[in-house]
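Enquirer: So here's final02.cif, just mmCIF, C-alpha atoms:
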```
data_structure
loop_
_atom_site.label_atom_id
_atom_site.label_comp_id
_atom_site.auth_asym_id
_atom_site.auth_seq_id
_atom_site.Cartn_x
_atom_site.Cartn_y
_atom_site.Cartn_z
CA MET A 286 9.94 -5.27 17.66
CA THR A 287 13.07 -3.79 16.12
CA GLY A 288 16.43 -5.15 15.10
CA ARG A 289 15.09 -8.47 13.86
CA LEU A 290 17.61 -8.41 11.01
CA GLU A 291 20.46 -6.78 12.90
CA GLY A 292 23.79 -7.59 11.23
CA GLN A 293 22.20 -9.35 8.28
CA VAL A 294 22.73 -8.64 4.59
CA ALA A 295 19.97 -8.83 1.98
CA ILE A 296 19.64 -8.44 -1.77
CA ILE A 297 16.21 -7.39 -3.04
CA THR A 298 15.65 -7.53 -6.79
CA GLY A 299 13.07 -5.12 -8.11
CA GLY A 300 13.87 -3.11 -5.00
CA ALA A 301 13.41 0.38 -6.43
CA SER A 302 9.61 0.37 -6.40
CA GLY A 303 6.48 -1.45 -5.29
CA MET A 304 6.74 -4.47 -3.04
CA GLY A 305 10.51 -4.47 -3.38
CA LEU A 306 10.91 -0.91 -2.16
CA ALA A 307 8.57 -1.53 0.78
CA THR A 308 10.74 -4.50 1.72
CA VAL A 309 13.96 -2.53 1.35
CA LYS A 310 12.68 0.11 3.77
CA LEU A 311 11.42 -2.42 6.32
CA PHE A 312 14.62 -4.48 6.23
CA LEU A 313 16.68 -1.33 6.79
CA GLU A 314 14.45 -0.37 9.72
CA GLU A 315 15.09 -3.81 11.20
CA GLY A 316 18.87 -3.45 11.04
CA ALA A 317 19.81 -5.11 7.75
CA ARG A 318 22.23 -3.87 5.14
CA VAL A 319 20.46 -4.01 1.78
CA ILE A 320 21.46 -3.97 -1.87
CA ILE A 321 18.70 -2.62 -4.08
CA ALA A 322 18.97 -4.56 -7.35
CA ASP A 323 16.97 -3.03 -10.20
CA ILE A 324 17.13 -1.62 -13.71
CA GLN A 325 15.75 1.80 -12.66
CA ASP A 326 19.13 3.44 -12.22
CA GLU A 327 18.33 7.07 -11.46
CA PRO A 328 15.69 6.39 -8.79
CA GLY A 329 17.72 3.46 -7.50
CA GLU A 330 20.82 5.57 -6.93
CA ARG A 331 18.72 8.33 -5.39
CA LEU A 332 17.00 5.91 -3.03
CA ALA A 333 20.30 4.41 -1.91
CA ALA A 334 21.59 7.89 -1.07
CA GLU A 335 18.40 8.85 0.76
CA LEU A 336 18.13 5.60 2.73
CA GLY A 337 21.57 5.91 4.30
CA GLU A 338 24.87 4.10 4.56
CA CYS A 339 23.31 0.65 4.96
CA ALA A 340 21.73 0.82 1.48
CA ARG A 341 23.42 0.23 -1.85
CA TYR A 342 22.14 0.23 -5.41
CA GLN A 343 23.29 -1.96 -8.28
CA HIS A 344 21.96 -2.22 -11.81
CA VAL A 345 20.72 -5.77 -12.19
CA ASP A 346 18.80 -7.15 -15.15
CA VAL A 347 17.63 -10.46 -13.71
CA SER A 348 17.18 -11.92 -17.19
CA LYS A 349 21.00 -11.99 -17.33
CA GLU A 350 22.64 -14.51 -15.03
CA ALA A 351 25.88 -12.52 -15.03
CA ASP A 352 24.09 -9.54 -13.46
CA VAL A 353 22.64 -11.72 -10.70
CA GLU A 354 26.02 -13.35 -10.07
CA ALA A 355 27.65 -9.91 -9.88
CA VAL A 356 25.29 -8.53 -7.25
CA VAL A 357 25.77 -11.61 -5.06
CA ASP A 358 29.53 -11.18 -5.38
CA ARG A 359 29.20 -7.51 -4.43
CA ALA A 360 27.35 -8.45 -1.24
CA MET A 361 30.22 -10.75 -0.32
CA ASP A 362 32.92 -8.24 -1.27
CA GLU A 363 31.37 -5.31 0.62
CA PHE A 364 29.65 -7.00 3.54
CA GLY A 365 31.26 -10.44 3.76
CA ARG A 366 28.00 -12.38 3.84
CA LEU A 367 24.52 -12.82 2.37
CA ASP A 368 21.65 -13.78 4.65
CA CYS A 369 18.59 -13.14 2.48
CA MET A 370 18.03 -13.20 -1.26
CA PHE A 371 14.61 -11.84 -2.21
CA ASN A 372 14.00 -12.73 -5.87
CA ASN A 373 11.22 -10.23 -6.37
CA ALA A 374 11.76 -8.54 -9.75
CA GLY A 375 9.04 -9.12 -12.30
CA PHE A 376 6.54 -7.66 -14.75
CA GLY A 377 3.38 -8.74 -16.56
CA GLY A 378 5.23 -9.95 -19.60
CA VAL A 379 3.90 -11.16 -22.91
CA GLY A 380 0.12 -11.26 -23.05
CA GLY A 381 -2.70 -11.68 -25.48
CA GLU A 382 -4.91 -14.50 -26.69
CA LEU A 383 -3.29 -17.73 -27.86
CA GLU A 384 -3.93 -17.10 -31.54
CA THR A 385 -1.98 -13.84 -31.59
CA MET A 386 0.52 -14.44 -28.79
CA ASP A 387 4.10 -13.41 -29.62
CA LEU A 388 6.40 -16.36 -28.92
CA THR A 389 9.60 -14.72 -30.09
CA ASP A 390 11.84 -12.26 -28.24
CA ARG A 391 9.15 -10.82 -25.95
CA TYR A 392 8.17 -14.31 -24.84
CA ARG A 393 11.77 -15.35 -24.15
CA PHE A 394 12.40 -12.16 -22.15
CA THR A 395 9.27 -12.83 -20.08
CA VAL A 396 10.46 -16.35 -19.24
CA ASP A 397 13.95 -15.10 -18.43
CA VAL A 398 12.73 -12.37 -16.06
CA LEU A 399 9.99 -14.33 -14.31
CA PHE A 400 11.66 -17.74 -14.08
CA THR A 401 15.32 -17.77 -15.10
CA GLY A 402 15.99 -14.71 -12.94
CA VAL A 403 14.61 -16.52 -9.90
CA LEU A 404 16.61 -19.65 -10.71
CA SER A 405 19.78 -17.56 -11.08
CA GLY A 406 19.09 -15.89 -7.75
CA ILE A 407 18.68 -19.24 -6.00
CA LYS A 408 21.79 -20.64 -7.71
CA HIS A 409 24.14 -17.82 -6.79
CA ALA A 410 22.73 -16.99 -3.36
CA SER A 411 22.94 -20.61 -2.27
CA ARG A 412 26.50 -20.80 -3.58
CA VAL A 413 27.63 -18.33 -0.91
CA MET A 414 25.09 -19.23 1.77
CA LYS A 415 26.46 -22.77 1.85
CA THR A 416 29.73 -21.38 3.20
CA GLN A 417 27.97 -19.74 6.16
CA GLU A 418 27.24 -21.63 9.34
CA SER A 419 23.92 -19.82 9.61
CA GLY A 420 22.83 -20.70 6.07
CA GLY A 421 20.30 -18.21 4.81
CA SER A 422 16.82 -17.47 3.51
CA ILE A 423 15.81 -17.30 -0.14
CA ILE A 424 12.41 -15.77 -0.86
CA ASN A 425 10.80 -15.85 -4.29
CA THR A 426 7.89 -13.73 -5.44
CA ALA A 427 5.30 -15.95 -7.10
CA SER A 428 1.59 -15.03 -7.39
CA VAL A 429 -1.91 -16.28 -6.77
CA ALA A 430 -1.90 -16.52 -10.59
CA GLY A 431 0.45 -19.47 -10.12
CA LEU A 432 -2.06 -21.24 -7.88
CA ARG A 433 -4.99 -21.33 -10.33
CA GLY A 434 -5.95 -20.10 -13.76
CA GLY A 435 -7.68 -16.86 -14.63
CA TRP A 436 -5.73 -14.44 -12.45
CA GLY A 437 -3.04 -13.41 -14.92
CA PRO A 438 -1.79 -13.71 -18.51
CA HIS A 439 -1.04 -17.26 -19.64
CA VAL A 440 2.76 -17.08 -19.64
CA TYR A 441 2.90 -15.03 -16.44
CA SER A 442 0.66 -17.55 -14.68
CA ALA A 443 2.71 -20.49 -15.93
CA MET A 444 5.99 -18.93 -14.82
CA LYS A 445 4.60 -18.12 -11.37
CA ALA A 446 3.45 -21.73 -11.01
CA ALA A 447 6.96 -22.76 -12.01
CA VAL A 448 8.45 -20.47 -9.33
CA ILE A 449 6.27 -22.13 -6.69
CA ASN A 450 7.42 -25.60 -7.69
CA LEU A 451 11.04 -24.44 -8.05
CA SER A 452 10.88 -23.12 -4.49
CA LYS A 453 9.70 -26.51 -3.24
CA SER A 454 12.21 -28.47 -5.32
CA THR A 455 15.25 -26.39 -4.37
CA SER A 456 14.24 -26.36 -0.71
CA LEU A 457 14.85 -30.12 -0.66
CA GLU A 458 18.38 -29.76 -1.97
CA LEU A 459 19.30 -26.75 0.14
CA GLY A 460 17.68 -27.66 3.45
CA PRO A 461 20.65 -29.73 4.66
CA HIS A 462 22.77 -26.58 4.21
CA ARG A 463 20.43 -24.60 6.52
CA ILE A 464 19.12 -22.63 3.55
CA ARG A 465 15.38 -22.05 3.49
CA VAL A 466 13.51 -21.44 0.23
CA ASN A 467 9.95 -20.12 0.24
CA ALA A 468 7.60 -18.38 -2.16
CA ILE A 469 5.26 -15.49 -1.48
CA CYS A 470 2.07 -15.44 -3.57
CA PRO A 471 0.65 -11.90 -3.68
CA GLY A 472 -2.96 -11.31 -4.64
CA PHE A 473 -4.14 -7.85 -5.66
CA ILE A 474 -1.29 -5.72 -4.34
CA ALA A 475 -1.21 -2.08 -5.40
CA THR A 476 1.84 -2.03 -7.65
CA ALA A 477 2.72 -0.61 -11.07
CA ILE A 478 2.28 -4.04 -12.67
CA PHE A 479 -1.36 -3.04 -13.16
CA ALA A 480 -0.26 -0.20 -15.42
CA GLY A 481 0.46 -2.87 -18.04
CA GLN A 482 3.02 -1.98 -20.65
CA ALA A 483 2.59 1.79 -20.25
CA ASN A 484 5.89 3.67 -20.46
CA ILE A 485 5.72 5.76 -17.28
CA SER A 486 8.37 7.42 -15.16
CA TRP A 487 9.33 6.33 -11.66
CA ASP A 488 7.45 9.29 -10.16
CA GLN A 489 4.37 8.34 -12.17
CA ARG A 490 4.71 4.77 -10.93
CA MET A 491 4.71 6.01 -7.35
CA ARG A 492 1.60 8.14 -7.93
CA PHE A 493 -0.14 5.25 -9.69
CA ILE A 494 0.53 2.99 -6.70
CA GLU A 495 -0.74 5.64 -4.26
CA GLU A 496 -3.98 5.92 -6.25
CA LEU A 497 -4.43 2.14 -6.37
CA GLU A 498 -4.03 1.91 -2.60
CA GLN A 499 -7.08 4.15 -2.20
CA THR A 500 -9.40 2.09 -4.42
CA GLN A 501 -12.22 -0.02 -3.06
CA THR A 502 -12.44 -3.77 -3.60
CA VAL A 503 -15.13 -6.30 -2.78
CA ALA A 504 -13.43 -9.29 -4.42
CA THR A 505 -11.77 -10.38 -1.17
CA PRO A 506 -12.98 -10.93 2.39
CA ILE A 507 -10.58 -8.20 3.53
CA GLN A 508 -12.02 -5.43 1.41
CA ARG A 509 -9.02 -3.28 0.62
CA PRO A 510 -6.18 -3.52 -1.87
CA GLY A 511 -3.00 -5.10 -0.64
CA ARG A 512 -0.03 -2.82 -0.08
CA GLY A 513 3.67 -3.34 -0.57
CA LYS A 514 4.06 -3.34 3.22
CA ASP A 515 1.85 -6.45 3.42
CA ILE A 516 4.39 -8.36 1.33
CA ALA A 517 7.33 -6.80 3.17
CA GLU A 518 6.03 -7.99 6.54
CA LEU A 519 5.93 -11.60 5.37
CA ALA A 520 9.35 -11.26 3.74
CA LEU A 521 10.67 -9.96 7.08
CA PHE A 522 9.26 -12.99 8.88
CA LEU A 523 10.74 -15.40 6.33
CA ALA A 524 14.13 -13.65 6.46
CA GLY A 525 14.25 -13.46 10.24
CA PRO A 526 14.92 -15.81 13.14
CA ASP A 527 11.30 -16.80 13.72
CA SER A 528 10.99 -18.89 10.53
CA THR A 529 13.98 -21.21 10.73
CA PHE A 530 11.75 -24.32 10.50
CA ILE A 531 9.76 -23.09 7.49
CA THR A 532 10.87 -24.04 3.99
CA GLY A 533 9.39 -25.22 0.72
CA GLN A 534 6.18 -23.26 1.28
CA ALA A 535 4.06 -21.05 -1.00
CA ILE A 536 2.27 -18.53 1.19
CA ALA A 537 -0.56 -16.41 -0.20
CA VAL A 538 -0.87 -12.77 0.85
CA ASP A 539 -4.16 -12.04 -0.85
CA GLY A 540 -6.77 -10.75 1.57
CA GLY A 541 -8.49 -14.13 1.40
CA LEU A 542 -8.85 -14.22 -2.38
CA THR A 543 -7.81 -17.88 -2.65
CA ALA A 544 -9.98 -18.96 0.30
CA GLY A 545 -13.03 -19.27 -1.94
CA ASN A 546 -15.93 -17.29 -3.32
CA ILE A 547 -17.61 -14.75 -1.08
CA ARG A 548 -21.15 -15.80 -0.21
CA ASN A 549 -23.53 -13.42 -1.93
CA PRO A 550 -26.98 -13.52 -0.30
CA GLY A 551 -30.08 -12.29 -2.10
CA PRO A 552 -31.84 -9.01 -1.38
CA GLU A 553 -33.70 -10.52 1.60
CA GLY A 554 -30.52 -11.98 3.06
CA TRP A 555 -31.29 -15.48 1.75
CA SER A 556 -29.02 -17.66 -0.33
CA ARG A 557 -30.07 -18.27 -3.93
CA PHE A 558 -31.02 -21.81 -2.93
CA GLN A 559 -33.38 -20.49 -0.28
CA GLU A 560 -34.86 -18.09 -2.83
CA ILE A 561 -35.62 -20.98 -5.17
CA LEU A 562 -37.16 -22.97 -2.31
CA ASN A 563 -39.30 -20.00 -1.31
CA ARG A 564 -40.62 -19.65 -4.88
CA VAL A 565 -41.39 -23.37 -5.12
CA GLN A 566 -43.21 -23.36 -1.77
CA SER A 567 -45.22 -20.25 -2.56
CA ALA A 568 -46.33 -21.68 -5.92
CA THR A 569 -47.93 -24.80 -4.39
#
```
Re-express the file's structure as C-alpha cells.

Expert:
Amino acid sequence: MTGRLEGQVAIITGGASGMGLATVKLFLEEGARVIIADIQDEPGERLAAELGECARYQHVDVSKEADVEAVVDRAMDEFGRLDCMFNNAGFGGVGGELETMDLTDRYRFTVDVLFTGVLSGIKHASRVMKTQESGGSIINTASVAGLRGGWGPHVYSAMKAAVINLSKSTSLELGPHRIRVNAICPGFIATAIFAGQANISWDQRMRFIEELEQTQTVATPIQRPGRGKDIAELALFLAGPDSTFITGQAIAVDGGLTAGNIRNPGPEGWSRFQEILNRVQSAT
C-alpha cells in the first residue's frame, strides 16, 4: 500500500536518528509532509535537504515548551494543518543506584525531556487539531520499561510509565474532538540509546545502530533485535485511516519480551520439573 498519509502533515520529535528517522522516511514514502524536530542541527538540515521538498527541519529542544509550541505553529504556518504529532524524542537520562543518584539539574532535564516534552507536544498539537474537522493522531514513545521494573534506569522507567498513563488520561479529554492519543512501548530496538552517555557523532550513531541490528538475541521469542522500521510501521498505522477507533492504548513492539519468560527445557528436552520427577523416581 502507498499513499496512506497522502496530504497529511506530521511532526516527529527526535526525527534525525533512530526510530524517529525511520518514521520520517516511512511517512514521506506514504505521502505525508514531515517536520523533523531535533537538536542535531547539522544532520537534521542535511536530511531535510536529502529527503526532498516535503521534509523540513527545525531545532526543537523538547524540554522547552516554547520550542514545541514553535514547531507546531510552523506546521500550521507552512502547511495549514497538523494531522500527526509523534512525541518520540528521548534519551536514557539520569542513572545510577539510589544512594548516588543525582537529583539536581541532570534529574530535572531527564524529567523535562521524557515527560514534560511529551505533555507539551500533546498540549500544543491538540490545540490546533481541535480546529480541524478530521481531528488528528498523537503518538507518544513510551517503553516496555514503563510496563514493569528492571528494564531501564529508575527515573527513565518512571517517566515512561507516566507517559503511558498520560496517553490514557489525555485520550479521554481529547476523544470527543476526534483526537486519538496512543503510546508505543518499544522493547530492545537497535538505537543509539544503548550507547549510554557516550559523546558520539551522528555518523557514529548511525554505525552503532547498524552494528546493533546485526547482533543476536535470545531474550525474546522473535530472536532478533528490533529495528527503527518496526516502530515506524506501528506509528504509520496509528497515524493513518485504519486506526480511527483506537485511542488510549499502550502497544508493545518488543518481539514478545513482555509476553513472559521463554520456556527453557533441560538437556534432554524436559522441563526442570520433569527432571526433578525423574530423579525422584529413579532413586526409589

Enquirer: Can you measure CA of Glu315 (chain A) to CA of Glu335 (chain A) for me? One decimal in Å is fine.

Expert: 16.7 Å

Enquirer: Step by step, work through what the PyMOL selection byres ((chain A and resi 495) around 12) selects in the shown file, and finish by giving those residues as a compact mmCIF listing (two decimals) with C-alpha atoms, keeping the file's coordinate frame.

Expert:
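Resulting contents of part.txt:
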```
# COMPACT_ATOMS: atom_id res chain seq x y z
CA SER A 302 9.61 0.37 -6.40
CA GLY A 303 6.48 -1.45 -5.29
CA ILE A 474 -1.29 -5.72 -4.34
CA ALA A 475 -1.21 -2.08 -5.40
CA THR A 476 1.84 -2.03 -7.65
CA ALA A 477 2.72 -0.61 -11.07
CA ASP A 488 7.45 9.29 -10.16
CA GLN A 489 4.37 8.34 -12.17
CA ARG A 490 4.71 4.77 -10.93
CA MET A 491 4.71 6.01 -7.35
CA ARG A 492 1.60 8.14 -7.93
CA PHE A 493 -0.14 5.25 -9.69
CA ILE A 494 0.53 2.99 -6.70
CA GLU A 496 -3.98 5.92 -6.25
CA LEU A 497 -4.43 2.14 -6.37
CA GLU A 498 -4.03 1.91 -2.60
CA GLN A 499 -7.08 4.15 -2.20
CA THR A 500 -9.40 2.09 -4.42
CA PRO A 510 -6.18 -3.52 -1.87
CA GLY A 511 -3.00 -5.10 -0.64
CA ARG A 512 -0.03 -2.82 -0.08
CA GLY A 513 3.67 -3.34 -0.57
```

Enquirer: Using the chain letters and numbering of this document, enumerate as a PyMOL selection string the residues selected by the PyMOL selection byres ((chain A and resi 337) around 12).

Expert: chain A and resi 309-310+313-314+316-320+330-336+338-342

Enquirer: Please indicate the distance in Å from CA of Leu521 (chain A) to CA of Leu399 (chain A), rounded to one decimal place.

Expert: 21.8 Å

Enquirer: Selected by the PyMOL selection byres ((chain A and resi 544) around 12) in the shown coordinates: which residues, as an mmCIF file with C-alpha atoms, in the frame of the given file?

Expert:
```
data_model
loop_
_atom_site.group_PDB
_atom_site.id
_atom_site.type_symbol
_atom_site.label_atom_id
_atom_site.label_comp_id
_atom_site.auth_asym_id
_atom_site.auth_seq_id
_atom_site.Cartn_x
_atom_site.Cartn_y
_atom_site.Cartn_z
ATOM 1 C CA VAL A 429 -1.910 -16.280 -6.770
ATOM 2 C CA LEU A 432 -2.060 -21.240 -7.880
ATOM 3 C CA ARG A 433 -4.990 -21.330 -10.330
ATOM 4 C CA GLY A 472 -2.960 -11.310 -4.640
ATOM 5 C CA ALA A 504 -13.430 -9.290 -4.420
ATOM 6 C CA THR A 505 -11.770 -10.380 -1.170
ATOM 7 C CA PRO A 506 -12.980 -10.930 2.390
ATOM 8 C CA ILE A 507 -10.580 -8.200 3.530
ATOM 9 C CA ALA A 537 -0.560 -16.410 -0.200
ATOM 10 C CA VAL A 538 -0.870 -12.770 0.850
ATOM 11 C CA ASP A 539 -4.160 -12.040 -0.850
ATOM 12 C CA GLY A 540 -6.770 -10.750 1.570
ATOM 13 C CA GLY A 541 -8.490 -14.130 1.400
ATOM 14 C CA LEU A 542 -8.850 -14.220 -2.380
ATOM 15 C CA THR A 543 -7.810 -17.880 -2.650
ATOM 16 C CA GLY A 545 -13.030 -19.270 -1.940
ATOM 17 C CA ASN A 546 -15.930 -17.290 -3.320
ATOM 18 C CA ILE A 547 -17.610 -14.750 -1.080
ATOM 19 C CA ARG A 548 -21.150 -15.800 -0.210
#
```

Enquirer: Which value, in Å to one decimal, gives the distance between CA of His439 (chain A) and CA of Ile424 (chain A)?

Expert: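 CA of Ile424 (chain A) lies 23.1 Å from CA of His439 (chain A).
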
Enquirer: Calculated over all atoms listed in the file, which of the candidates A:Ala430, A:Leu367, A:Met414, A:Met444 has the smallest distance to His462 (chain A)?

Expert: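 Looking at the shortest contact to His462 (chain A), the residue is A:Met414.
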
Enquirer: Let me make sure I understand: among A:Ile407, A:Phe473, A:Thr529, A:Ser442, which one has the smallest atom-to-atom distance to Arg509 (chain A) if we use all atoms listed in the file?

Expert: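 Smallest distance to Arg509 (chain A) is found for A:Phe473.
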
Enquirer: Determine the nearest neighbour of Asp362 (chain A) from the options A:Arg393, A:Leu388, A:Val294, A:Ala524, counting only C-alpha atoms.

Expert: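 The shortest atom-to-atom distance to Asp362 (chain A) comes from A:Val294.
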
Enquirer: Between A:Phe522, A:Phe364, A:Phe371, A:Phe530, which residue has the minimum interatomic distance to Thr426 (chain A), considering all atoms listed in the file?

Expert: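 Going through A:Phe522, A:Phe364, A:Phe371, A:Phe530 one by one, the smallest distance to Thr426 (chain A) is for A:Phe371.
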
Enquirer: With distances taken over only C-alpha atoms, which residue among A:Ile469, A:Gly525, A:Gln534, A:Arg412 lies nearest Met361 (chain A)?

Expert: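 Of A:Ile469, A:Gly525, A:Gln534, A:Arg412, the one nearest Met361 (chain A), counting only C-alpha atoms, is A:Arg412.
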
Enquirer: Listed atoms of region 300-317 of chain A, axis-aligned box, 4 Å per side: centre and edge lengths to one decimal in Å, as JSON?

Expert:
```
{"center_x": 13.1, "center_y": -2.4, "center_z": 2.4, "size_x": 21.3, "size_y": 13.5, "size_z": 25.6}
```

Enquirer: Name the residues, using the chain letters and numbers of the file, that sit within 9 Å of (26.6, -12.7, -3.4) when counting only C-alpha atoms, and give them as a list in words.

Expert: Ile296, Val353, Glu354, Ala355, Val356, Val357, Asp358, Arg359, Ala360, Met361, Asp362, Gly365, Arg366, Leu367, Met370, His409, Ala410, Ser411, Arg412, Val413 and Met414 of chain A

Enquirer: Excluding same-chain residues fewer than 6 positions from Ala447 (chain A), what lies within 12 Å of it counting all atoms listed in the file, as a tab-separated table (two decimals) with C-alpha atoms, keeping the file's coordinate frame?

Expert:
```tsv
chain	number	residue	atom	x	y	z
A	396	VAL	CA	10.46	-16.35	-19.24
A	399	LEU	CA	9.99	-14.33	-14.31
A	400	PHE	CA	11.66	-17.74	-14.08
A	401	THR	CA	15.32	-17.77	-15.10
A	403	VAL	CA	14.61	-16.52	-9.90
A	404	LEU	CA	16.61	-19.65	-10.71
A	425	ASN	CA	10.80	-15.85	-4.29
A	426	THR	CA	7.89	-13.73	-5.44
A	427	ALA	CA	5.30	-15.95	-7.10
A	428	SER	CA	1.59	-15.03	-7.39
A	430	ALA	CA	-1.90	-16.52	-10.59
A	431	GLY	CA	0.45	-19.47	-10.12
A	432	LEU	CA	-2.06	-21.24	-7.88
A	440	VAL	CA	2.76	-17.08	-19.64
A	441	TYR	CA	2.90	-15.03	-16.44
A	453	LYS	CA	9.70	-26.51	-3.24
A	454	SER	CA	12.21	-28.47	-5.32
A	455	THR	CA	15.25	-26.39	-4.37
A	468	ALA	CA	7.60	-18.38	-2.16
A	535	ALA	CA	4.06	-21.05	-1.00
```
